[in-house]
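For reference, start15.pdb is printed below; it contains PDB, C-alpha atoms.
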```pdb
ATOM      1  CA  MET A 183       0.414   4.422 -56.758  1.00  0.00           C
ATOM      2  CA  LYS A 184      -2.401   2.912 -54.756  1.00  0.00           C
ATOM      3  CA  GLY A 185       0.003   1.283 -52.230  1.00  0.00           C
ATOM      4  CA  ASN A 186       1.645   4.649 -51.621  1.00  0.00           C
ATOM      5  CA  THR A 187      -1.757   6.221 -50.755  1.00  0.00           C
ATOM      6  CA  ASN A 188      -2.495   3.502 -48.196  1.00  0.00           C
ATOM      7  CA  LEU A 189       0.879   4.113 -46.580  1.00  0.00           C
ATOM      8  CA  ARG A 190       0.134   7.815 -46.307  1.00  0.00           C
ATOM      9  CA  ARG A 191      -3.136   7.032 -44.531  1.00  0.00           C
ATOM     10  CA  LEU A 192      -1.550   4.537 -42.146  1.00  0.00           C
ATOM     11  CA  LEU A 193       1.508   6.604 -41.281  1.00  0.00           C
ATOM     12  CA  PRO A 194      -0.303   9.098 -38.963  1.00  0.00           C
ATOM     13  CA  LEU A 195      -2.070   6.214 -37.226  1.00  0.00           C
ATOM     14  CA  LEU A 196       1.185   4.326 -36.665  1.00  0.00           C
ATOM     15  CA  LEU A 197       2.942   7.474 -35.480  1.00  0.00           C
ATOM     16  CA  SER A 198       0.120   8.136 -32.966  1.00  0.00           C
ATOM     17  CA  ALA A 199       0.339   4.574 -31.642  1.00  0.00           C
ATOM     18  CA  VAL A 200       4.106   4.860 -31.126  1.00  0.00           C
ATOM     19  CA  LEU A 201       3.759   8.200 -29.338  1.00  0.00           C
ATOM     20  CA  LEU A 202       1.063   6.804 -27.048  1.00  0.00           C
ATOM     21  CA  ALA A 203       3.236   3.791 -26.223  1.00  0.00           C
ATOM     22  CA  ILE A 204       6.112   6.090 -25.271  1.00  0.00           C
ATOM     23  CA  ALA A 205       3.986   8.542 -23.279  1.00  0.00           C
ATOM     24  CA  PHE A 206       1.867   5.928 -21.482  1.00  0.00           C
ATOM     25  CA  PRO A 207       3.840   2.718 -20.869  1.00  0.00           C
ATOM     26  CA  ALA A 208       0.913   1.117 -19.020  1.00  0.00           C
ATOM     27  CA  LEU A 209      -1.121   1.212 -22.256  1.00  0.00           C
ATOM     28  CA  ALA A 210       1.679  -0.608 -24.030  1.00  0.00           C
ATOM     29  CA  GLY A 211       1.800  -3.353 -21.389  1.00  0.00           C
ATOM     30  CA  GLY A 212       4.603  -1.732 -19.353  1.00  0.00           C
ATOM     31  CA  ASP A 213       5.180  -2.618 -15.722  1.00  0.00           C
ATOM     32  CA  LYS A 214       2.792  -1.235 -13.144  1.00  0.00           C
ATOM     33  CA  PRO A 215       3.719  -0.653  -9.518  1.00  0.00           C
ATOM     34  CA  HIS A 216       3.282  -3.793  -7.421  1.00  0.00           C
ATOM     35  CA  GLY A 217       3.147  -3.406  -3.636  1.00  0.00           C
ATOM     36  CA  VAL A 218       4.282  -6.338  -1.512  1.00  0.00           C
ATOM     37  CA  VAL A 219       4.427  -6.666   2.272  1.00  0.00           C
ATOM     38  CA  GLU A 220       6.194  -9.899   3.167  1.00  0.00           C
ATOM     39  CA  LYS A 221       4.917  -9.991   6.745  1.00  0.00           C
ATOM     40  CA  THR A 222       1.305  -8.731   6.844  1.00  0.00           C
ATOM     41  CA  THR A 223       0.561  -9.662  10.481  1.00  0.00           C
ATOM     42  CA  HIS A 224       2.303  -8.594  13.685  1.00  0.00           C
ATOM     43  CA  ASP A 225       1.587 -10.212  17.067  1.00  0.00           C
ATOM     44  CA  PHE A 226       2.469  -7.989  20.036  1.00  0.00           C
ATOM     45  CA  GLY A 227       1.916 -10.854  22.481  1.00  0.00           C
ATOM     46  CA  ILE A 228       0.893  -9.697  25.950  1.00  0.00           C
ATOM     47  CA  VAL A 229       1.035  -5.939  26.573  1.00  0.00           C
ATOM     48  CA  LYS A 230       0.166  -3.862  29.620  1.00  0.00           C
ATOM     49  CA  GLU A 231      -2.961  -1.742  29.475  1.00  0.00           C
ATOM     50  CA  ASP A 232      -1.210   1.150  31.218  1.00  0.00           C
ATOM     51  CA  GLY A 233       2.095   0.688  29.335  1.00  0.00           C
ATOM     52  CA  GLY A 234       1.294   3.323  26.714  1.00  0.00           C
ATOM     53  CA  PRO A 235       0.789   3.023  22.947  1.00  0.00           C
ATOM     54  CA  ILE A 236       2.660   0.260  21.114  1.00  0.00           C
ATOM     55  CA  SER A 237       3.924   0.402  17.520  1.00  0.00           C
ATOM     56  CA  THR A 238       5.276  -1.793  14.774  1.00  0.00           C
ATOM     57  CA  GLU A 239       6.480  -1.132  11.230  1.00  0.00           C
ATOM     58  CA  PHE A 240       5.590  -3.025   8.078  1.00  0.00           C
ATOM     59  CA  VAL A 241       7.950  -2.815   5.081  1.00  0.00           C
ATOM     60  CA  LEU A 242       6.156  -2.070   1.812  1.00  0.00           C
ATOM     61  CA  LEU A 243       8.235  -3.014  -1.248  1.00  0.00           C
ATOM     62  CA  ASN A 244       7.529  -1.916  -4.825  1.00  0.00           C
ATOM     63  CA  LYS A 245       8.313  -5.006  -6.920  1.00  0.00           C
ATOM     64  CA  GLY A 246       6.866  -3.500 -10.096  1.00  0.00           C
ATOM     65  CA  GLY A 247       7.787  -0.673 -12.403  1.00  0.00           C
ATOM     66  CA  GLY A 248       6.786   2.925 -11.982  1.00  0.00           C
ATOM     67  CA  ASN A 249       6.153   4.699  -8.699  1.00  0.00           C
ATOM     68  CA  LEU A 250       4.003   3.077  -6.044  1.00  0.00           C
ATOM     69  CA  ILE A 251       1.845   5.628  -4.255  1.00  0.00           C
ATOM     70  CA  VAL A 252       0.021   4.928  -1.008  1.00  0.00           C
ATOM     71  CA  ILE A 253      -3.154   6.955  -1.468  1.00  0.00           C
ATOM     72  CA  ASP A 254      -4.615   6.302   1.967  1.00  0.00           C
ATOM     73  CA  ALA A 255      -4.369   4.086   5.057  1.00  0.00           C
ATOM     74  CA  LYS A 256      -7.397   3.427   7.254  1.00  0.00           C
ATOM     75  CA  ALA A 257      -7.692   1.519  10.512  1.00  0.00           C
ATOM     76  CA  ASP A 258     -10.877  -0.282  11.478  1.00  0.00           C
ATOM     77  CA  CYS A 259     -11.128   1.673  14.765  1.00  0.00           C
ATOM     78  CA  GLY A 260      -9.897   4.828  16.469  1.00  0.00           C
ATOM     79  CA  CYS A 261      -7.547   2.943  18.798  1.00  0.00           C
ATOM     80  CA  THR A 262      -5.227   2.159  15.861  1.00  0.00           C
ATOM     81  CA  ARG A 263      -3.297   4.847  13.941  1.00  0.00           C
ATOM     82  CA  PRO A 264      -1.463   4.147  10.669  1.00  0.00           C
ATOM     83  CA  GLU A 265       1.322   6.346   9.282  1.00  0.00           C
ATOM     84  CA  PHE A 266       2.349   5.778   5.661  1.00  0.00           C
ATOM     85  CA  PRO A 267       4.907   7.169   3.199  1.00  0.00           C
ATOM     86  CA  LYS A 268       3.673  10.333   1.518  1.00  0.00           C
ATOM     87  CA  ALA A 269       6.375  10.260  -1.179  1.00  0.00           C
ATOM     88  CA  PRO A 270       6.151   7.793  -4.083  1.00  0.00           C
ATOM     89  CA  ILE A 271       8.060   4.524  -3.656  1.00  0.00           C
ATOM     90  CA  GLY A 272      10.210   3.917  -6.744  1.00  0.00           C
ATOM     91  CA  ALA A 273      10.600   0.567  -8.499  1.00  0.00           C
ATOM     92  CA  GLY A 274      12.681  -1.785  -6.359  1.00  0.00           C
ATOM     93  CA  LYS A 275      12.511   0.581  -3.365  1.00  0.00           C
ATOM     94  CA  SER A 276      10.661   0.251  -0.075  1.00  0.00           C
ATOM     95  CA  GLY A 277       8.803   2.398   2.416  1.00  0.00           C
ATOM     96  CA  LYS A 278       7.613   1.829   5.970  1.00  0.00           C
ATOM     97  CA  VAL A 279       4.073   1.791   7.272  1.00  0.00           C
ATOM     98  CA  LYS A 280       3.950   2.416  11.031  1.00  0.00           C
ATOM     99  CA  VAL A 281       0.933   1.147  12.957  1.00  0.00           C
ATOM    100  CA  THR A 282       0.330   2.302  16.542  1.00  0.00           C
ATOM    101  CA  TYR A 283      -2.218   0.758  18.926  1.00  0.00           C
ATOM    102  CA  ASN A 284      -3.397   2.326  22.196  1.00  0.00           C
ATOM    103  CA  PRO A 285      -4.289  -0.413  24.723  1.00  0.00           C
ATOM    104  CA  LEU A 286      -5.611   1.936  27.430  1.00  0.00           C
ATOM    105  CA  GLY A 287      -9.145   0.934  28.438  1.00  0.00           C
ATOM    106  CA  ARG A 288      -9.102  -2.160  26.188  1.00  0.00           C
ATOM    107  CA  PRO A 289      -8.199  -5.217  28.298  1.00  0.00           C
ATOM    108  CA  GLY A 290      -8.420  -8.612  26.565  1.00  0.00           C
ATOM    109  CA  SER A 291      -7.414  -9.864  23.155  1.00  0.00           C
ATOM    110  CA  PHE A 292      -7.434  -7.645  20.085  1.00  0.00           C
ATOM    111  CA  GLU A 293      -7.038  -7.958  16.338  1.00  0.00           C
ATOM    112  CA  LYS A 294      -7.055  -4.787  14.242  1.00  0.00           C
ATOM    113  CA  VAL A 295      -6.832  -4.293  10.485  1.00  0.00           C
ATOM    114  CA  VAL A 296      -5.274  -1.419   8.544  1.00  0.00           C
ATOM    115  CA  THR A 297      -6.133  -1.185   4.848  1.00  0.00           C
ATOM    116  CA  LEU A 298      -3.715   0.555   2.475  1.00  0.00           C
ATOM    117  CA  ARG A 299      -5.069   1.930  -0.795  1.00  0.00           C
ATOM    118  CA  THR A 300      -2.437   2.196  -3.567  1.00  0.00           C
ATOM    119  CA  ASN A 301      -2.152   3.061  -7.247  1.00  0.00           C
ATOM    120  CA  GLY A 302      -0.573  -0.345  -7.890  1.00  0.00           C
ATOM    121  CA  SER A 303      -1.476  -3.956  -7.936  1.00  0.00           C
ATOM    122  CA  PRO A 304      -3.054  -4.935  -5.646  1.00  0.00           C
ATOM    123  CA  SER A 305      -4.932  -1.711  -5.073  1.00  0.00           C
ATOM    124  CA  LYS A 306      -5.685  -2.698  -1.453  1.00  0.00           C
ATOM    125  CA  ILE A 307      -3.274  -4.255   1.040  1.00  0.00           C
ATOM    126  CA  ARG A 308      -4.463  -5.420   4.465  1.00  0.00           C
ATOM    127  CA  LEU A 309      -2.174  -5.344   7.496  1.00  0.00           C
ATOM    128  CA  LYS A 310      -3.105  -6.927  10.832  1.00  0.00           C
ATOM    129  CA  ILE A 311      -1.952  -6.412  14.387  1.00  0.00           C
ATOM    130  CA  ARG A 312      -2.999  -8.558  17.315  1.00  0.00           C
ATOM    131  CA  GLY A 313      -2.207  -9.302  20.909  1.00  0.00           C
ATOM    132  CA  THR A 314      -3.618  -9.465  24.406  1.00  0.00           C
ATOM    133  CA  VAL A 315      -3.888  -6.509  26.761  1.00  0.00           C
ATOM    134  CA  SER A 316      -3.363  -7.397  30.436  1.00  0.00           C
ATOM    135  CA  PRO A 317      -5.538  -5.224  32.704  1.00  0.00           C
ATOM    136  CA  LYS A 318      -3.898  -2.545  34.800  1.00  0.00           C
ATOM    137  CA  ASN A 319      -3.658  -3.071  38.553  1.00  0.00           C
ATOM    138  CA  LYS A 320      -6.380  -1.388  40.563  1.00  0.00           C
TER     139      LYS A 320
END
```

Step by step, read the file and then write its structure as C-alpha cells.
Amino acid sequence: MKGNTNLRRLLPLLLSAVLLAIAFPALAGGDKPHGVVEKTTHDFGIVKEDGGPISTEFVLLNKGGGNLIVIDAKADCGCTRPEFPKAPIGAGKSGKVKVTYNPLGRPGSFEKVVTLRTNGSPSKIRLKIRGTVSPKNK
C-alpha cells in the first residue's frame, strides 16, 4: 500500500511538469528564436553630399524556433534611420531591416552602427554602414 501512496503524491507533480513543458517549450529546452544577419556591414563607397539620402537593406533570418521579434532598432546618430519589421519573424523566415543615411552636411568618411534588440539569441545584433561623402560643389 505504501508504494501506491507515493504514486498518488508524485502524480500531481508529474502532471504539472508535463503541462509546463507543453505550455512553455523554452522551459523544456525547446528552440528559441535565433536572429542571423549574414552580411552585417554595407559599404556605400563614395557618395555625393548633395545626392540625397542613401539606403541599404539587411536580411534578418530566424534560424531558431518560435517567433523572432525585433523590439527596437537604434542608430548611433540622427543622420542614420533604421526601419525594422514590426511583425514577428517565424522560424525559418526572414525580414528586412532598412538603414538610411543622410550625407548632407557630412563630407568625409563615415561609419555608423545600428543596434537591433530582439527577443532571441543574440539579444543584440549590430549592423554597420560606411562610406565616404564627396563634398558638394560650391

- [ ] Find, counting all atoms listed in the file, the residue in A:Glu239, A:Lys318, A:Lys294, A:His224 that gets nearest to A:Gly277.
- [x]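 Ranking A:Glu239, A:Lys318, A:Lys294, A:His224 by distance to A:Gly277, first place goes to A:Glu239.
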
Open item on the list: When you look at A:Val281 with a cut-off of 6 Å (counting only C-alpha atoms), what residues show up, excluding the ones that are within fewer than 3 positions of it in the same chain? I need them as a ChimeraX atom specification.
Closed with: /A:237-238,263-264

- [ ] Kindly resolve the PyMOL selection byres ((chain A and resi 269) around 12) on the present coordinates and return the residues as a list in words.
- [x]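 Selected by the PyMOL selection byres ((chain A and resi 269) around 12) in this file: Asn249, Leu250, Ile251, Val252, Ile253, Phe266, Pro267, Lys268, Pro270, Ile271, Gly272, Lys275, Ser276, Gly277 and Lys278 of chain A.
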
Open item on the list: I need the output of the PyMOL selection byres ((chain A and resi 301-306) around 8) for this file as a list in words; which residues are they?
Closed with: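 For this structure, the PyMOL selection byres ((chain A and resi 301-306) around 8) resolves to Lys214, Pro215, His216, Gly217, Leu250, Ile251, Val252, Ile253, Thr297, Leu298, Arg299, Thr300, Ile307 and Arg308 of chain A.
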
Task: Nearest candidate to A:Asn284 (options A:Glu220, A:Asp225, A:Asp232, A:Asp254; using all atoms listed in the file) - done: A:Asp232

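The residue that comes closest to A:Ala273, out of A:Gly234, A:Asp213, A:Lys221, A:Ser316 and on the basis of only C-alpha atoms, is A:Asp213.
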
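Distances here use all atoms listed in the file; by that measure, the residue among A:Ile228, A:Ala255, A:Leu243, A:Val315 closest to A:Gly287 is A:Val315.
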
Open item on the list: Just the number, please: distance in Å from atom CA of A:Tyr283 to atom CA of A:Asp258, one decimal.
Closed with: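 Atom CA of A:Asp258 lies at a distance of 11.5 Å from atom CA of A:Tyr283.
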
I'd like the contact shell of A:Thr314 - 9 Å cut-off, all atoms listed in the file, skipping same-chain residues fewer than 2 positions apart - returned as a PDB file with C-alpha atoms, in the frame of the given file.
```pdb
ATOM      1  CA  PHE A 226       2.469  -7.989  20.036  1.00  0.00           C
ATOM      2  CA  GLY A 227       1.916 -10.854  22.481  1.00  0.00           C
ATOM      3  CA  ILE A 228       0.893  -9.697  25.950  1.00  0.00           C
ATOM      4  CA  VAL A 229       1.035  -5.939  26.573  1.00  0.00           C
ATOM      5  CA  LYS A 230       0.166  -3.862  29.620  1.00  0.00           C
ATOM      6  CA  PRO A 289      -8.199  -5.217  28.298  1.00  0.00           C
ATOM      7  CA  GLY A 290      -8.420  -8.612  26.565  1.00  0.00           C
ATOM      8  CA  SER A 291      -7.414  -9.864  23.155  1.00  0.00           C
ATOM      9  CA  PHE A 292      -7.434  -7.645  20.085  1.00  0.00           C
ATOM     10  CA  GLU A 293      -7.038  -7.958  16.338  1.00  0.00           C
ATOM     11  CA  ARG A 312      -2.999  -8.558  17.315  1.00  0.00           C
ATOM     12  CA  SER A 316      -3.363  -7.397  30.436  1.00  0.00           C
TER      13      SER A 316
END
```

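The smallest atom-to-atom distance between A:Val241 and any of A:Val279, A:Ala257, A:Thr223, A:Thr262, using only C-alpha atoms, is found for A:Val279.
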
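Considering the residues A:Pro285, A:Gly274, A:Gly248, A:Gly233 and counting only C-alpha atoms, A:Gly260 has its shortest atom-to-atom contact with A:Pro285.
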
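Going from atom CA of A:Leu309 over to atom CA of A:Leu242, you cover 10.6 Å.
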
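Pairwise distance (atom CA of A:Gly313, atom CA of A:Val218) equals 23.5 Å.
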